[in-house]
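Encoded as C-alpha cells, the structure appears first; notes follow it.
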Amino acid sequence: MYLRKLAATTLLLAGIGFYSLQAQANLSVQQSSAILTAFEGQEPTDFKQFIGKLNDSHLAKADTLNETLTTYLAGKPLNADQQNEINRLLGLYTRIKYGKAATETLRELVAIPTFQVEGVPQHENPQFLKIAEKIKTLAEGFGLKFRNIDNRVYEISLGDNDKEVVGIHAHADVVPVNPDNWKLEDGTRLDPFKVTLVGDRMYGRGTEDDKNGIVVALYALKVAKDEKLPLARQFKLLVDTTEETSGDAIPYYFARNPVPNYNLALDGGYPVVIAEKGYGTVMASFHRRPATGTGAEVTTLTGGLATNQIPTTSVATLLGDNPAALADALNKAGAEYVKRNGGDFTIDAKVAGKEVILTVTGVSAHSSEPESGVNPVSRMLVFLNGLGNQVPLKQNHITDAARYAADNWGLDYLGKQLGVNFEDKFMGPLTASLTYVGLDQKALKLAVNLRIPKGKPLPTLKDELADKLGNWARGSHTSVAFEYSLDEPMYRNPEGEWVKALLDVASQNLGLPHEFGTSAGATSVHDLPNGVQFGLAMPNVKYTGHNDNEFKTVEQFMLDLQIVSEMIARIGQMPKL
C-alpha cells in the first residue's frame, strides 16, 4: 500500500514541477517516475537511442541531467555522480524495454510445478529437468553462458571467468500447495501454477518466492551483455533447486566450483539485509497407538505441508456414536474458544457420513513471519486438548500431540510458554511456530519451526529445549521422541564500498531509509563470504511467499527489474568493492 501511495504522489509531483526539483547526486524517485511516464508504451531500440530521446525531451533540461546525457552521448569520461545517473537510467531502460517480456517469462516459470515430490530426488524430478531446459533456452537466447551442474544448480554468466566474481543467488524450487485454499475472498478460485492477474497482483506459486528473482536477474544480465558494459568483474546467477528443502544443492555446487568473492540473494528483503536468523526445527514423533477411554476419536489431522509454512487451515476427522450431536458440540465449543482467543480465526464442524470434519481456518504466512499470520495448527491442537468434558475424546497419538502442543507451545509464537524466549536488539526475538503435521502408518510427526537470533549459543538453546521437553515427557508419561536441528544465525559487519552502493541503489529507488536490515528468513548466502540479501521484498509489508494466494504486484516486479539492472551496472563498474 505504501508503494502505491508513493508512486501516485510522485507522478503528481512530476506532472506539476519536474523542473523545480532540487539537484542531487542521482535521479530521485520523482524524476524516475516522470521518465517512466514519458516513455510509457515505447520500446527503445537500445540504451543509446533511449538516452538520445531523453536528451531531446524537456525532461533533460532539469538540473544536471542534460550535462550527464550530453557527456555520455559524446563518449567523454563521466564523473562518479554522472556514472551513477547513467546506471539509474539503465535500470529504467531495462524496465521500459523488457517489462512485458519479463512478465511473460515469469508466467512460463510459474507454470512449471517445481515442488518436492516424496520419494523422488530433486535432481531427478522431471519438473526440474523441464525448468532447467527453459532457463537454458532463455539464457543462451540472451547470449549468456549456461551450465547445468548435475541438475542441482543452474549457473548463468556473462562468460568471462578471469575476474573476481559476484554471485547472484535465486532458487527454482517452491513450497507445496493445497489447491483448495487458493481462493480469493469473493470466491474466485486460483490455479497456483498459473499467473492470474487481479488488479496489480500477479497470483501464483513462485511469483514472490523466488522465480521472480531468476527472471529479473536474467534480463539484467541480458542488458549488461547487449550494452557491452565495461564490467570490472564477473557476475554469476546461481539458481538453487533445494533452497526450500534439504539445502544441499549449493554445497554440492561449491564442492566442485569456486565460491564467488561476493554473494547477494534476491530472495529476502530490501534495502540490504546483513543479518539472518538461524533456522531450527524441533520434531516430535508420537507413535500410533490404539485409542483408549470413552468419547469421540480423532482419526486424522493435517497441518502445513512444510516446516517453513504456516497454512490457512488445519483439518481433523472425528468419529463418534452420534455425528450430528458431535458436530453441534464442537461448533458450540469452537465458538467459545474463538471468542476467548481473539476472534481472528474460525472453527467449523460438519457431518460427513459417519464422520465429523473439523476445520480451523486462520491466515497463512511464511514461518519466518508468524506475526503476519494466524496459525491454525496451534489453534487446532490447543482446542482439541482443551475440550475436556465438553466434548470427551478418546486418547491416542493425536491427543498426545495436542497435549504436548498445548502444554509447551500454546498459541504463543515466541517460546515464552516453554521458557526459551530471548531477543536480540537488532535481529529481534526468537520465534517458534507449530507448522508441519505428518501422519503415516507408524507415527504422527509435529514440527516446531524456530528462527534464532544471535545472543544465545546454540548448544545452550538445545540443552534448554531438551531439558524442558524431556521433563515434560517424563512428567506427563507421554511416549515421544524429539529431534533437534539448529543452525547458527548470520551477521555481517556492513563494511565495504559494495554494500554501501547496494544500499544506495535500493533505498534511493524505493524511497526507503538508508539503513541496513535484518531478516528472519535464511537464504543460500547464509554461510557464504560477503553474503547479503538484496530484495526482492519490501520491509514492513507482509511477505506472501509460502502463503496460500502468493502474489507479486506488477509495480514491485517492475521495480525489481529496474533495481537489479542498475545494481549490476553499478557494482560491476566500481573500481573497488
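Just remember, in the C-alpha cells the first chain shown is A, the second B, etc., residues are 1-based per chain, and ligands are 1-based in the order shown.
With only C-alpha atoms taken into account, the protein and nucleic acid residues at most 12 Å from Asp348 of chain A (excluding it and anything under 2 positions from it in its own chain) are Thr313, Ser314, Val315, Ala316, Thr317, Leu326, Ala327, Asp328, Ala329, Leu330, Asn331, Lys332, Ala333, Gly334, Ala335, Tyr337, Val338, Phe345, Thr346, Lys350, Val351, Val356, Ile357, Leu358, Thr359, Val360, Thr361, Gly362 and Met380 of chain A.
The residue set within 7 Å of Leu264 of chain A, counting only C-alpha atoms and dropping same-chain residues fewer than 2 places from it, reads Gly167, Ile168, His169, Tyr262, Leu266, Val525, Gly531, Val532, Gln533 and Phe534 of chain A.
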Give me a file of those residues, with N, CA, C and O atoms, as an mmCIF file, in the first residue's frame.
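See selection00.cif below for the written result:
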data_model
loop_
_atom_site.group_PDB
_atom_site.id
_atom_site.type_symbol
_atom_site.label_atom_id
_atom_site.label_comp_id
_atom_site.auth_asym_id
_atom_site.auth_seq_id
_atom_site.Cartn_x
_atom_site.Cartn_y
_atom_site.Cartn_z
ATOM 1 N N GLY A 167 28.364 -13.399 -6.991
ATOM 2 C CA GLY A 167 27.329 -14.408 -7.149
ATOM 3 C C GLY A 167 25.959 -13.831 -6.825
ATOM 4 O O GLY A 167 25.761 -13.199 -5.781
ATOM 5 N N ILE A 168 25.021 -14.020 -7.742
ATOM 6 C CA ILE A 168 23.624 -13.611 -7.525
ATOM 7 C C ILE A 168 22.827 -14.885 -7.298
ATOM 8 O O ILE A 168 22.809 -15.777 -8.149
ATOM 9 N N HIS A 169 22.172 -14.986 -6.162
ATOM 10 C CA HIS A 169 21.505 -16.228 -5.773
ATOM 11 C C HIS A 169 19.986 -16.105 -5.879
ATOM 12 O O HIS A 169 19.386 -15.138 -5.392
ATOM 13 N N TYR A 262 31.921 -12.269 -3.692
ATOM 14 C CA TYR A 262 30.805 -11.551 -3.078
ATOM 15 C C TYR A 262 29.524 -12.281 -3.460
ATOM 16 O O TYR A 262 29.407 -12.821 -4.563
ATOM 17 N N LEU A 266 18.699 -12.655 -4.077
ATOM 18 C CA LEU A 266 17.456 -11.982 -4.475
ATOM 19 C C LEU A 266 16.287 -12.790 -3.908
ATOM 20 O O LEU A 266 15.375 -13.183 -4.628
ATOM 21 N N VAL A 525 22.886 -17.568 0.938
ATOM 22 C CA VAL A 525 24.138 -16.863 1.225
ATOM 23 C C VAL A 525 24.467 -16.931 2.715
ATOM 24 O O VAL A 525 25.460 -16.348 3.155
ATOM 25 N N GLY A 531 28.157 -12.259 2.123
ATOM 26 C CA GLY A 531 26.805 -12.563 1.667
ATOM 27 C C GLY A 531 25.770 -11.666 2.316
ATOM 28 O O GLY A 531 25.771 -11.475 3.532
ATOM 29 N N VAL A 532 24.866 -11.091 1.497
ATOM 30 C CA VAL A 532 23.779 -10.253 1.989
ATOM 31 C C VAL A 532 22.526 -10.540 1.166
ATOM 32 O O VAL A 532 22.589 -11.125 0.082
ATOM 33 N N GLN A 533 21.379 -10.122 1.702
ATOM 34 C CA GLN A 533 20.141 -10.135 0.928
ATOM 35 C C GLN A 533 19.980 -8.785 0.240
ATOM 36 O O GLN A 533 20.231 -7.742 0.839
ATOM 37 N N PHE A 534 19.536 -8.818 -1.017
ATOM 38 C CA PHE A 534 19.277 -7.592 -1.772
ATOM 39 C C PHE A 534 17.887 -7.715 -2.391
ATOM 40 O O PHE A 534 17.732 -8.019 -3.564
#
All residues 10 Å or closer to Lys576 of chain A, only C-alpha atoms, same chain fewer than 4 positions away omitted, as JSON, numbers by chain: {"A": [232, 233, 496, 497, 498, 571, 572]}
Selection above as a file: N, CA and C atoms, as a PDB file, in the first residue's frame:
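The result, stored in selection.pdb:
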ATOM      1  N   ALA A 232      34.140  -4.576 -14.506  1.00  0.00           N
ATOM      2  CA  ALA A 232      35.432  -4.913 -13.923  1.00  0.00           C
ATOM      3  C   ALA A 232      35.404  -6.277 -13.257  1.00  0.00           C
ATOM      4  N   ARG A 233      34.214  -6.888 -13.205  1.00  0.00           N
ATOM      5  CA  ARG A 233      34.098  -8.196 -12.542  1.00  0.00           C
ATOM      6  C   ARG A 233      33.006  -9.026 -13.204  1.00  0.00           C
ATOM      7  N   GLY A 496      32.650  -2.059   3.496  1.00  0.00           N
ATOM      8  CA  GLY A 496      32.939  -2.227   2.076  1.00  0.00           C
ATOM      9  C   GLY A 496      32.109  -1.313   1.207  1.00  0.00           C
ATOM     10  N   GLU A 497      32.726  -0.863   0.128  1.00  0.00           N
ATOM     11  CA  GLU A 497      32.030   0.042  -0.790  1.00  0.00           C
ATOM     12  C   GLU A 497      30.854  -0.633  -1.479  1.00  0.00           C
ATOM     13  N   TRP A 498      30.932  -1.945  -1.654  1.00  0.00           N
ATOM     14  CA  TRP A 498      29.879  -2.636  -2.401  1.00  0.00           C
ATOM     15  C   TRP A 498      28.555  -2.629  -1.641  1.00  0.00           C
ATOM     16  N   ILE A 571      27.671  -2.021  -9.463  1.00  0.00           N
ATOM     17  CA  ILE A 571      28.638  -2.878  -8.792  1.00  0.00           C
ATOM     18  C   ILE A 571      29.696  -3.369  -9.774  1.00  0.00           C
ATOM     19  N   GLY A 572      29.258  -3.657 -10.994  1.00  0.00           N
ATOM     20  CA  GLY A 572      30.177  -4.179 -12.000  1.00  0.00           C
ATOM     21  C   GLY A 572      31.233  -3.203 -12.441  1.00  0.00           C
TER      22      GLY A 572
END
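In this structure, atom CA of Gly269 of chain A sits 22.4 Å away from atom CA of Ser33 of chain A.
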Expected answer as a PyMOL selection string: strand (DSSP E) residues in segment 361-459 of chain A: chain A and resi 361+365-366+423-424+428-429+431-439+443-452
DSSP-assigned helix (DSSP H, G or I) members of segment 134-253 of chain A, reported as a VMD selection string: chain A and resid 134 to 141 179 to 181 211 to 226 249 to 253
Shell of 10 Å around Lys500 of chain A, only C-alpha atoms, local chain residues under 2 positions omitted, as a ChimeraX atom specification: /A:272,494-498,502-505,514-516,577
Spatial neighbours of Leu414 of chain A, max dist 12 Å, only C-alpha atoms, sep filter under 5 positions, as a PyMOL selection string: chain A and resi 368-371+408-409+419-423+428-434+448-453
Ala522 of chain A surroundings by only C-alpha atoms, 7 Å radius, close-in-sequence under 4 positions cut, as a list in words: Glu276, Lys277, Gly278, Tyr279 and His526 of chain A
Writing out the chosen residues with N, CA, C and O atoms as a PDB file, in the first residue's frame:
ATOM      1  N   GLU A 276      20.672 -12.652   9.214  1.00  0.00           N
ATOM      2  CA  GLU A 276      19.599 -13.631   9.067  1.00  0.00           C
ATOM      3  C   GLU A 276      19.531 -14.487  10.327  1.00  0.00           C
ATOM      4  O   GLU A 276      20.561 -14.944  10.838  1.00  0.00           O
ATOM      5  N   LYS A 277      18.346 -14.699  10.821  1.00  0.00           N
ATOM      6  CA  LYS A 277      18.198 -15.608  11.955  1.00  0.00           C
ATOM      7  C   LYS A 277      18.577 -17.026  11.538  1.00  0.00           C
ATOM      8  O   LYS A 277      18.486 -17.388  10.367  1.00  0.00           O
ATOM      9  N   GLY A 278      18.997 -17.807  12.516  1.00  0.00           N
ATOM     10  CA  GLY A 278      19.265 -19.211  12.260  1.00  0.00           C
ATOM     11  C   GLY A 278      17.966 -19.978  12.131  1.00  0.00           C
ATOM     12  O   GLY A 278      16.949 -19.627  12.735  1.00  0.00           O
ATOM     13  N   TYR A 279      18.004 -21.046  11.340  1.00  0.00           N
ATOM     14  CA  TYR A 279      16.822 -21.875  11.095  1.00  0.00           C
ATOM     15  C   TYR A 279      16.890 -23.094  12.021  1.00  0.00           C
ATOM     16  O   TYR A 279      17.928 -23.746  12.139  1.00  0.00           O
ATOM     17  N   HIS A 526      23.649 -17.639   3.479  1.00  0.00           N
ATOM     18  CA  HIS A 526      23.769 -17.656   4.942  1.00  0.00           C
ATOM     19  C   HIS A 526      25.185 -18.008   5.404  1.00  0.00           C
ATOM     20  O   HIS A 526      25.707 -17.403   6.344  1.00  0.00           O
TER      21      HIS A 526
END
